[in-house]
Amino acid sequence: MADLRCTIAGIESINPFWLASAPPTDKYSNVVRAFEAGWGGVVWKTLGEDPPVINMSSRYGAHLGSNRSVIGINNIELISDRPLDVNLREIEQVRQEWPDRVIIGSMMAQIDERAWKELAIKIAASGVHGIELNLGCPHGMCERGMGSSIGQVPEMIEQTTRWVCEAVDIPVFTKLTPNITNILWGAEAAKAGGAQAVSLINTVNSVISVDLDAMAPTPTVDGKGSHGGYCGSAVKPIALHMVAEIARSPETQGIDISAIGGIENWRDAAEFISLGADALQVCTAAMLYGFRIVDDMIAGLSNFMDEKGYKTIDDFRGLAVKNTVDWNELNMNFDTKAFIDQEACIECGRCHIACEDTSHQAITFDVAKDGQRSFTVVDEDCVGCNLCALICPVPDCIEMRPVKNDLPYLTWPEHPKNPLGEM
């Protein structure tokens, strides 16, 4: 069996699956149920001290697929509205009862050195393994000078991180907002401030939908709505990109990564690990399917590792980073063509319509005397864009086949048509 143990910021965990700071980690009873289900750790829901927190009703909206599957959730919930001393007592109790599990204390304060340091010291005294600085919430708290109002300013990220690192002697994770032009600015600032790890991504600023009867964004609160934080499987591509940017940047080497964003299954987990994540945080999937999803994640990741011959997570962590490059470094002489498996084809015609109307008119169709339709790719017109393969409803019916050629690896800076020449 594969060994799923991992280490991040010097903290050892029985597996890489932690619950992120959110409603599932708001209290003793939730966290205990999570540990009973097999989660390796939790990041306790963000704690604050001043000003007081009062949450709204309602709080969640959803972006739904055609079959009512939840693609993403938008929330306007704030940090924990439970008394700080109650949370800290419960953290201490769980730490005593579950010594082999990780608890990270998430925190948030106004831009004031004393406030950050005093709160960090209180949280550290509860026995947490580390502290996560919530510098990313895009709603509610940022209007009070917290959350993303700090996380969008690198100088403030560095300053806040340094305050907490000076106040406590346990690992500090800086949680980054995706609502910024370049995620590296925040990661570099966190590293400069002394953070041992970064957590990302926090939620994406969004309006999930509009109630066309009430004429207000959802979720509506007494006829009005607001922007909120978007999470769930829909944000996974954004999170993968930002994790990869940090993992491959020379300026952020040496800082560990706690990856968050749309992790729903073992494959999602493996993808983040392959891009350099040291540990993982999950929220929306647990809210949609319950804590027991971790069973499938653990079993699936273990089976994948066994099949590939990876004995530990470190054996494949970061392996995809070297193959993650800027566009300018891709091979312009590489070519693929679509190939349609006629036996698997159900004659729906979606490939033809998509290619004919919106791509390169590279798929023709013929109708036999018996009415049967067949679709054929015209190789000289096919540019290998993949659209037909992506929209085909039959798995593996359309295959993208590489074209064999003897051309050398050619990047855009080396291309003869590049007016700037080599860059």
# chains A, B, ... in the order shown; residues from 1 in each chain; ligands from 1

$ residues_around --residues "Gly105 (chain A)" --least-positions-apart "5" --cutoff "12 Å" --atoms "only C-alpha atoms" --output "ChimeraX atom specification"
/A:19-22,25-26,41-48,80,84,87-88,90-92,95,119-134,170-175

$ write_last_selection --atoms "N, CA and C atoms" --output "tab-separated table (two decimals), in the first residue's frame"
chain	number	residue	atom	x	y	z
A	19	LEU	N	-9.53	19.52	5.95
A	19	LEU	CA	-10.69	20.37	5.70
A	19	LEU	C	-10.26	21.82	5.79
A	20	ALA	N	-10.70	22.63	4.84
A	20	ALA	CA	-10.33	24.04	4.82
A	20	ALA	C	-11.15	24.83	5.85
A	21	SER	N	-10.65	26.00	6.16
A	21	SER	CA	-11.33	26.89	7.08
A	21	SER	C	-12.67	27.34	6.50
A	22	ALA	N	-13.76	26.89	7.11
A	22	ALA	CA	-15.10	27.12	6.53
A	22	ALA	C	-16.13	26.56	7.51
A	25	THR	N	-15.62	23.34	9.64
A	25	THR	CA	-14.62	23.30	10.72
A	25	THR	C	-14.93	24.33	11.79
A	26	ASP	N	-16.18	24.61	11.98
A	26	ASP	CA	-16.60	25.71	12.85
A	26	ASP	C	-16.72	25.33	14.32
A	41	GLY	N	-6.40	16.37	8.84
A	41	GLY	CA	-6.31	17.62	9.59
A	41	GLY	C	-7.44	18.55	9.23
A	42	VAL	N	-7.51	19.64	9.97
A	42	VAL	CA	-8.49	20.69	9.68
A	42	VAL	C	-7.83	22.04	9.89
A	43	VAL	N	-8.33	23.02	9.16
A	43	VAL	CA	-8.02	24.40	9.46
A	43	VAL	C	-9.28	24.99	10.07
A	44	TRP	N	-9.21	25.28	11.37
A	44	TRP	CA	-10.39	25.75	12.11
A	44	TRP	C	-10.93	27.02	11.46
A	45	LYS	N	-12.25	27.15	11.44
A	45	LYS	CA	-12.83	28.33	10.80
A	45	LYS	C	-12.25	29.61	11.39
A	46	THR	N	-12.03	30.58	10.51
A	46	THR	CA	-11.29	31.80	10.88
A	46	THR	C	-11.82	32.46	12.14
A	47	LEU	N	-10.88	32.73	13.04
A	47	LEU	CA	-11.20	33.35	14.33
A	47	LEU	C	-10.82	34.83	14.31
A	48	GLY	N	-11.66	35.62	14.94
A	48	GLY	CA	-11.39	37.04	15.09
A	48	GLY	C	-11.84	37.48	16.47
A	80	SER	N	-15.94	33.09	11.80
A	80	SER	CA	-16.71	32.49	12.89
A	80	SER	C	-17.42	33.55	13.71
A	84	LEU	N	-14.66	33.76	20.78
A	84	LEU	CA	-13.29	33.29	20.64
A	84	LEU	C	-12.92	32.29	21.72
A	87	ASN	N	-14.29	28.81	20.96
A	87	ASN	CA	-13.52	28.14	19.91
A	87	ASN	C	-12.18	27.63	20.43
A	88	LEU	N	-11.50	28.44	21.20
A	88	LEU	CA	-10.18	28.04	21.69
A	88	LEU	C	-10.26	26.86	22.65
A	90	GLU	N	-12.53	24.52	22.56
A	90	GLU	CA	-12.85	23.35	21.75
A	90	GLU	C	-11.62	22.87	20.98
A	91	ILE	N	-10.82	23.80	20.49
A	91	ILE	CA	-9.58	23.41	19.80
A	91	ILE	C	-8.68	22.63	20.77
A	92	GLU	N	-8.54	23.14	21.96
A	92	GLU	CA	-7.69	22.47	22.96
A	92	GLU	C	-8.21	21.08	23.27
A	95	ARG	N	-7.49	18.72	20.32
A	95	ARG	CA	-6.06	18.41	20.27
A	95	ARG	C	-5.71	17.29	21.26
A	119	LEU	N	-3.86	38.18	19.10
A	119	LEU	CA	-4.75	37.10	18.69
A	119	LEU	C	-3.94	35.85	18.33
A	120	ALA	N	-2.84	36.01	17.65
A	120	ALA	CA	-2.00	34.87	17.29
A	120	ALA	C	-1.50	34.14	18.53
A	121	ILE	N	-1.10	34.89	19.54
A	121	ILE	CA	-0.61	34.28	20.78
A	121	ILE	C	-1.71	33.48	21.46
A	122	LYS	N	-2.92	34.01	21.48
A	122	LYS	CA	-4.04	33.30	22.10
A	122	LYS	C	-4.34	31.99	21.35
A	123	ILE	N	-4.33	32.06	20.03
A	123	ILE	CA	-4.62	30.86	19.24
A	123	ILE	C	-3.52	29.83	19.42
A	124	ALA	N	-2.27	30.27	19.40
A	124	ALA	CA	-1.15	29.36	19.58
A	124	ALA	C	-1.22	28.64	20.93
A	125	ALA	N	-1.69	29.34	21.94
A	125	ALA	CA	-1.77	28.77	23.29
A	125	ALA	C	-2.79	27.64	23.38
A	126	SER	N	-3.70	27.55	22.41
A	126	SER	CA	-4.70	26.48	22.42
A	126	SER	C	-4.11	25.15	21.97
A	127	GLY	N	-2.88	25.16	21.45
A	127	GLY	CA	-2.22	23.92	21.05
A	127	GLY	C	-2.25	23.62	19.58
A	128	VAL	N	-2.64	24.58	18.74
A	128	VAL	CA	-2.67	24.33	17.30
A	128	VAL	C	-1.26	24.06	16.78
A	129	HIS	N	-1.20	23.32	15.67
A	129	HIS	CA	0.10	23.01	15.07
A	129	HIS	C	0.67	24.19	14.29
A	130	GLY	N	-0.21	25.05	13.82
A	130	GLY	CA	0.22	26.20	13.04
A	130	GLY	C	-0.90	27.21	12.96
A	131	ILE	N	-0.59	28.37	12.39
A	131	ILE	CA	-1.58	29.43	12.24
A	131	ILE	C	-1.67	29.81	10.76
A	132	GLU	N	-2.90	29.93	10.28
A	132	GLU	CA	-3.14	30.38	8.90
A	132	GLU	C	-3.70	31.79	8.94
A	133	LEU	N	-3.08	32.68	8.18
A	133	LEU	CA	-3.51	34.07	8.13
A	133	LEU	C	-4.50	34.24	6.99
A	134	ASN	N	-5.74	34.52	7.32
A	134	ASN	CA	-6.77	34.67	6.29
A	134	ASN	C	-6.69	36.08	5.71
A	170	ILE	N	5.37	28.80	16.11
A	170	ILE	CA	4.81	27.68	15.36
A	170	ILE	C	4.69	28.10	13.90
A	171	PRO	N	4.58	27.13	12.98
A	171	PRO	CA	4.53	27.48	11.55
A	171	PRO	C	3.39	28.42	11.20
A	172	VAL	N	3.66	29.32	10.27
A	172	VAL	CA	2.67	30.29	9.81
A	172	VAL	C	2.38	30.04	8.33
A	173	PHE	N	1.10	29.88	8.01
A	173	PHE	CA	0.62	29.73	6.64
A	173	PHE	C	-0.05	31.06	6.26
A	174	THR	N	0.32	31.65	5.14
A	174	THR	CA	-0.36	32.85	4.66
A	174	THR	C	-1.33	32.45	3.56
A	175	LYS	N	-2.62	32.71	3.78
A	175	LYS	CA	-3.64	32.32	2.81
A	175	LYS	C	-3.83	33.45	1.80

$ residues_around --residues "region 139-146 of chain A" --least-positions-apart "6" --cutoff "12 Å" --atoms "only C-alpha atoms" --output "MDAnalysis selection string"
chainID A and resid 46:48 50:56 59 74:80 107:112 115:116 133 152:153 156:157 160 177 179 202:207 225:230

$ write_last_selection --atoms "N, CA and C atoms" --output "compact mmCIF listing (two decimals), in the first residue's frame"
# COMPACT_ATOMS: atom_id res chain seq x y z
N THR A 46 -12.03 30.58 10.51
CA THR A 46 -11.29 31.80 10.88
C THR A 46 -11.82 32.46 12.14
N LEU A 47 -10.88 32.73 13.04
CA LEU A 47 -11.20 33.35 14.33
C LEU A 47 -10.82 34.83 14.31
N GLY A 48 -11.66 35.62 14.94
CA GLY A 48 -11.39 37.04 15.09
C GLY A 48 -11.84 37.48 16.47
N ASP A 50 -12.29 41.33 17.14
CA ASP A 50 -12.91 42.64 17.07
C ASP A 50 -12.80 43.13 15.63
N PRO A 51 -13.90 43.69 15.04
CA PRO A 51 -15.22 43.93 15.63
C PRO A 51 -16.06 42.65 15.66
N PRO A 52 -17.21 42.69 16.33
CA PRO A 52 -18.05 41.49 16.42
C PRO A 52 -18.58 41.06 15.06
N VAL A 53 -18.83 39.77 14.90
CA VAL A 53 -19.29 39.21 13.63
C VAL A 53 -20.74 38.78 13.74
N ILE A 54 -21.56 39.26 12.82
CA ILE A 54 -22.96 38.84 12.73
C ILE A 54 -23.21 38.42 11.28
N ASN A 55 -23.57 37.16 11.08
CA ASN A 55 -23.77 36.64 9.74
C ASN A 55 -25.17 36.91 9.22
N MET A 56 -25.30 36.89 7.88
CA MET A 56 -26.56 37.17 7.20
C MET A 56 -27.35 35.88 6.96
N ARG A 59 -27.16 32.75 2.91
CA ARG A 59 -25.72 32.94 2.75
C ARG A 59 -25.12 32.31 1.50
N ASN A 74 -21.39 30.10 -4.27
CA ASN A 74 -21.03 31.46 -3.85
C ASN A 74 -21.53 31.64 -2.43
N ASN A 75 -20.70 32.21 -1.56
CA ASN A 75 -21.16 32.43 -0.19
C ASN A 75 -20.87 33.85 0.26
N ILE A 76 -21.71 34.35 1.14
CA ILE A 76 -21.50 35.67 1.74
C ILE A 76 -21.37 35.53 3.26
N GLU A 77 -20.95 34.33 3.69
CA GLU A 77 -20.75 34.10 5.11
C GLU A 77 -19.44 34.72 5.58
N LEU A 78 -19.43 35.21 6.80
CA LEU A 78 -18.24 35.82 7.37
C LEU A 78 -17.44 34.79 8.16
N ILE A 79 -16.46 35.26 8.91
CA ILE A 79 -15.67 34.38 9.74
C ILE A 79 -16.52 33.89 10.91
N SER A 80 -15.94 33.09 11.80
CA SER A 80 -16.71 32.49 12.89
C SER A 80 -17.42 33.55 13.71
N MET A 107 -6.90 32.80 11.35
CA MET A 107 -7.16 34.03 12.07
C MET A 107 -7.23 35.23 11.14
N MET A 108 -7.87 36.28 11.64
CA MET A 108 -8.02 37.52 10.89
C MET A 108 -8.14 38.67 11.88
N ALA A 109 -7.48 39.77 11.57
CA ALA A 109 -7.57 40.97 12.42
C ALA A 109 -7.44 42.20 11.54
N GLN A 110 -7.72 43.34 12.12
CA GLN A 110 -7.55 44.59 11.41
C GLN A 110 -6.06 44.92 11.31
N ILE A 111 -5.73 45.86 10.44
CA ILE A 111 -4.33 46.23 10.26
C ILE A 111 -3.83 46.99 11.48
N ASP A 112 -3.39 46.19 12.43
CA ASP A 112 -2.86 46.73 13.68
C ASP A 112 -1.92 45.67 14.25
N ALA A 115 -3.06 43.92 17.48
CA ALA A 115 -4.22 43.04 17.30
C ALA A 115 -3.81 41.69 16.71
N TRP A 116 -2.97 41.70 15.67
CA TRP A 116 -2.53 40.45 15.05
C TRP A 116 -1.71 39.62 16.02
N LEU A 133 -3.08 32.68 8.18
CA LEU A 133 -3.51 34.07 8.13
C LEU A 133 -4.50 34.24 6.99
N GLN A 152 -4.58 41.88 -1.18
CA GLN A 152 -4.34 42.43 -2.50
C GLN A 152 -3.17 43.42 -2.51
N VAL A 153 -2.57 43.63 -1.35
CA VAL A 153 -1.47 44.59 -1.24
C VAL A 153 -0.23 43.85 -0.70
N MET A 156 1.35 44.87 2.60
CA MET A 156 0.56 44.55 3.79
C MET A 156 0.62 43.06 4.10
N ILE A 157 0.71 42.22 3.06
CA ILE A 157 0.87 40.78 3.28
C ILE A 157 2.17 40.52 4.03
N THR A 160 1.94 41.89 7.73
CA THR A 160 1.07 41.08 8.60
C THR A 160 1.72 39.73 8.90
N THR A 177 -5.26 35.46 -1.68
CA THR A 177 -6.46 35.71 -2.47
C THR A 177 -6.15 35.55 -3.96
N ASN A 179 -7.90 37.10 -6.09
CA ASN A 179 -8.41 38.34 -6.66
C ASN A 179 -7.29 39.38 -6.76
N ASN A 202 -7.97 31.27 -1.95
CA ASN A 202 -9.19 31.64 -1.26
C ASN A 202 -10.27 31.84 -2.33
N THR A 203 -11.45 32.21 -1.93
CA THR A 203 -12.57 32.28 -2.88
C THR A 203 -12.43 33.42 -3.88
N VAL A 204 -13.07 33.23 -5.04
CA VAL A 204 -13.02 34.20 -6.13
C VAL A 204 -14.21 35.14 -6.03
N ASN A 205 -13.95 36.43 -6.09
CA ASN A 205 -15.01 37.43 -5.98
C ASN A 205 -16.01 37.25 -7.12
N SER A 206 -17.29 37.23 -6.79
CA SER A 206 -18.28 36.88 -7.82
C SER A 206 -19.69 37.30 -7.43
N VAL A 207 -20.54 37.41 -8.46
CA VAL A 207 -21.99 37.43 -8.30
C VAL A 207 -22.48 36.16 -8.99
N GLY A 225 -28.87 41.87 -2.81
CA GLY A 225 -27.80 40.88 -2.84
C GLY A 225 -26.45 41.56 -2.92
N SER A 226 -25.40 40.77 -2.79
CA SER A 226 -24.05 41.32 -2.77
C SER A 226 -23.09 40.36 -3.47
N HIS A 227 -21.90 40.83 -3.75
CA HIS A 227 -20.86 39.93 -4.25
C HIS A 227 -20.41 39.02 -3.12
N GLY A 228 -19.89 37.87 -3.50
CA GLY A 228 -19.44 36.91 -2.49
C GLY A 228 -18.26 36.12 -2.97
N GLY A 229 -17.92 35.05 -2.26
CA GLY A 229 -16.76 34.22 -2.60
C GLY A 229 -17.18 32.96 -3.33
N TYR A 230 -16.59 32.72 -4.50
CA TYR A 230 -16.93 31.59 -5.37
C TYR A 230 -15.96 30.45 -5.13

$ select_by_dssp --residues "region 150-299 of chain A" --states "helix (DSSP H, G or I)" --output "MDAnalysis selection string"
chainID A and resid 150:151 154:167 183:192 233:248 250:252 266:274 284:289 293:299

$ closest_residue --among "A:His63, A:Lys27, A:Lys404, A:Arg373" --to "Arg89 (chain A)" --atoms "only C-alpha atoms"
A:Lys27

$ closest_residue --among "A:Glu264, A:Asp314, A:Asp3, A:Glu307" --to "Val294 (chain A)" --atoms "only C-alpha atoms"
A:Glu264

$ closest_residue --among "A:Ala286, A:Ala9, A:Ala214, A:Leu200" --to "Phe272 (chain A)" --atoms "only C-alpha atoms"
A:Leu200

$ closest_residue --among "A:Trp163, A:Phe17, A:Phe339, A:Phe365" --to "Ile273 (chain A)" --atoms "only C-alpha atoms"
A:Phe17

$ select_by_dssp --residues "region 116-231 of chain A" --states "strand (DSSP E or B)" --output "number ranges by chain"
A: 130-134, 172-175, 197-200, 204-206, 209-211, 216-218, 221, 224, 228-231

$ closest_residue --among "A:Ser359, A:Gly61, A:Phe334, A:Pro395" --to "Pro408 (chain A)" --atoms "only C-alpha atoms"
A:Phe334

$ closest_residue --among "A:Met215, A:Val282, A:Val94, A:Met1" --to "Arg33 (chain A)" --atoms "only C-alpha atoms"
A:Val94

$ atom_distance --atom1 "CA of Ser258 (chain A)" --atom2 "CA of Gln159 (chain A)"
20.8 Å

$ atom_distance --atom1 "CA of Ser29 (chain A)" --atom2 "CA of Gln93 (chain A)"
11.0 Å

$ decode --residues "region 57-77 of chain A" --atoms "N, CA and C atoms" --output "compact mmCIF listing (two decimals), in the first residue's frame"
# COMPACT_ATOMS: atom_id res chain seq x y z
N SER A 57 -28.60 36.03 6.58
CA SER A 57 -29.46 34.95 6.13
C SER A 57 -30.24 35.47 4.92
N SER A 58 -30.13 34.79 3.74
CA SER A 58 -29.40 33.55 3.51
C SER A 58 -27.94 33.85 3.13
N ARG A 59 -27.16 32.75 2.91
CA ARG A 59 -25.72 32.94 2.75
C ARG A 59 -25.12 32.31 1.50
N TYR A 60 -25.81 31.32 0.90
CA TYR A 60 -25.23 30.58 -0.21
C TYR A 60 -26.05 30.73 -1.48
N GLY A 61 -25.34 30.77 -2.59
CA GLY A 61 -25.95 30.67 -3.90
C GLY A 61 -25.18 29.62 -4.68
N ALA A 62 -25.75 29.10 -5.76
CA ALA A 62 -25.07 28.03 -6.51
C ALA A 62 -25.16 28.25 -8.00
N HIS A 63 -24.10 27.85 -8.69
CA HIS A 63 -24.08 27.79 -10.15
C HIS A 63 -24.31 26.33 -10.51
N LEU A 64 -25.43 26.04 -11.16
CA LEU A 64 -25.86 24.66 -11.39
C LEU A 64 -25.66 24.25 -12.84
N GLY A 65 -25.35 22.96 -13.04
CA GLY A 65 -25.31 22.39 -14.37
C GLY A 65 -26.71 22.04 -14.85
N SER A 66 -26.82 21.55 -16.07
CA SER A 66 -28.13 21.25 -16.64
C SER A 66 -28.88 20.16 -15.88
N ASN A 67 -28.14 19.30 -15.18
CA ASN A 67 -28.78 18.24 -14.39
C ASN A 67 -28.85 18.60 -12.90
N ARG A 68 -28.72 19.88 -12.59
CA ARG A 68 -28.76 20.43 -11.24
C ARG A 68 -27.55 20.01 -10.40
N SER A 69 -26.50 19.58 -11.06
CA SER A 69 -25.26 19.35 -10.32
C SER A 69 -24.66 20.69 -9.96
N VAL A 70 -24.04 20.78 -8.79
CA VAL A 70 -23.47 22.03 -8.33
C VAL A 70 -22.07 22.19 -8.93
N ILE A 71 -21.92 23.18 -9.80
CA ILE A 71 -20.62 23.47 -10.40
C ILE A 71 -19.80 24.34 -9.47
N GLY A 72 -20.47 25.27 -8.83
CA GLY A 72 -19.78 26.16 -7.89
C GLY A 72 -20.76 26.75 -6.91
N ILE A 73 -20.23 27.15 -5.76
CA ILE A 73 -21.03 27.78 -4.72
C ILE A 73 -20.48 29.18 -4.45
N ASN A 74 -21.39 30.10 -4.27
CA ASN A 74 -21.03 31.46 -3.85
C ASN A 74 -21.53 31.64 -2.43
N ASN A 75 -20.70 32.21 -1.56
CA ASN A 75 -21.16 32.43 -0.19
C ASN A 75 -20.87 33.85 0.26
N ILE A 76 -21.71 34.35 1.14
CA ILE A 76 -21.50 35.67 1.74
C ILE A 76 -21.37 35.53 3.26
N GLU A 77 -20.95 34.33 3.69
CA GLU A 77 -20.75 34.10 5.11
C GLU A 77 -19.44 34.72 5.58
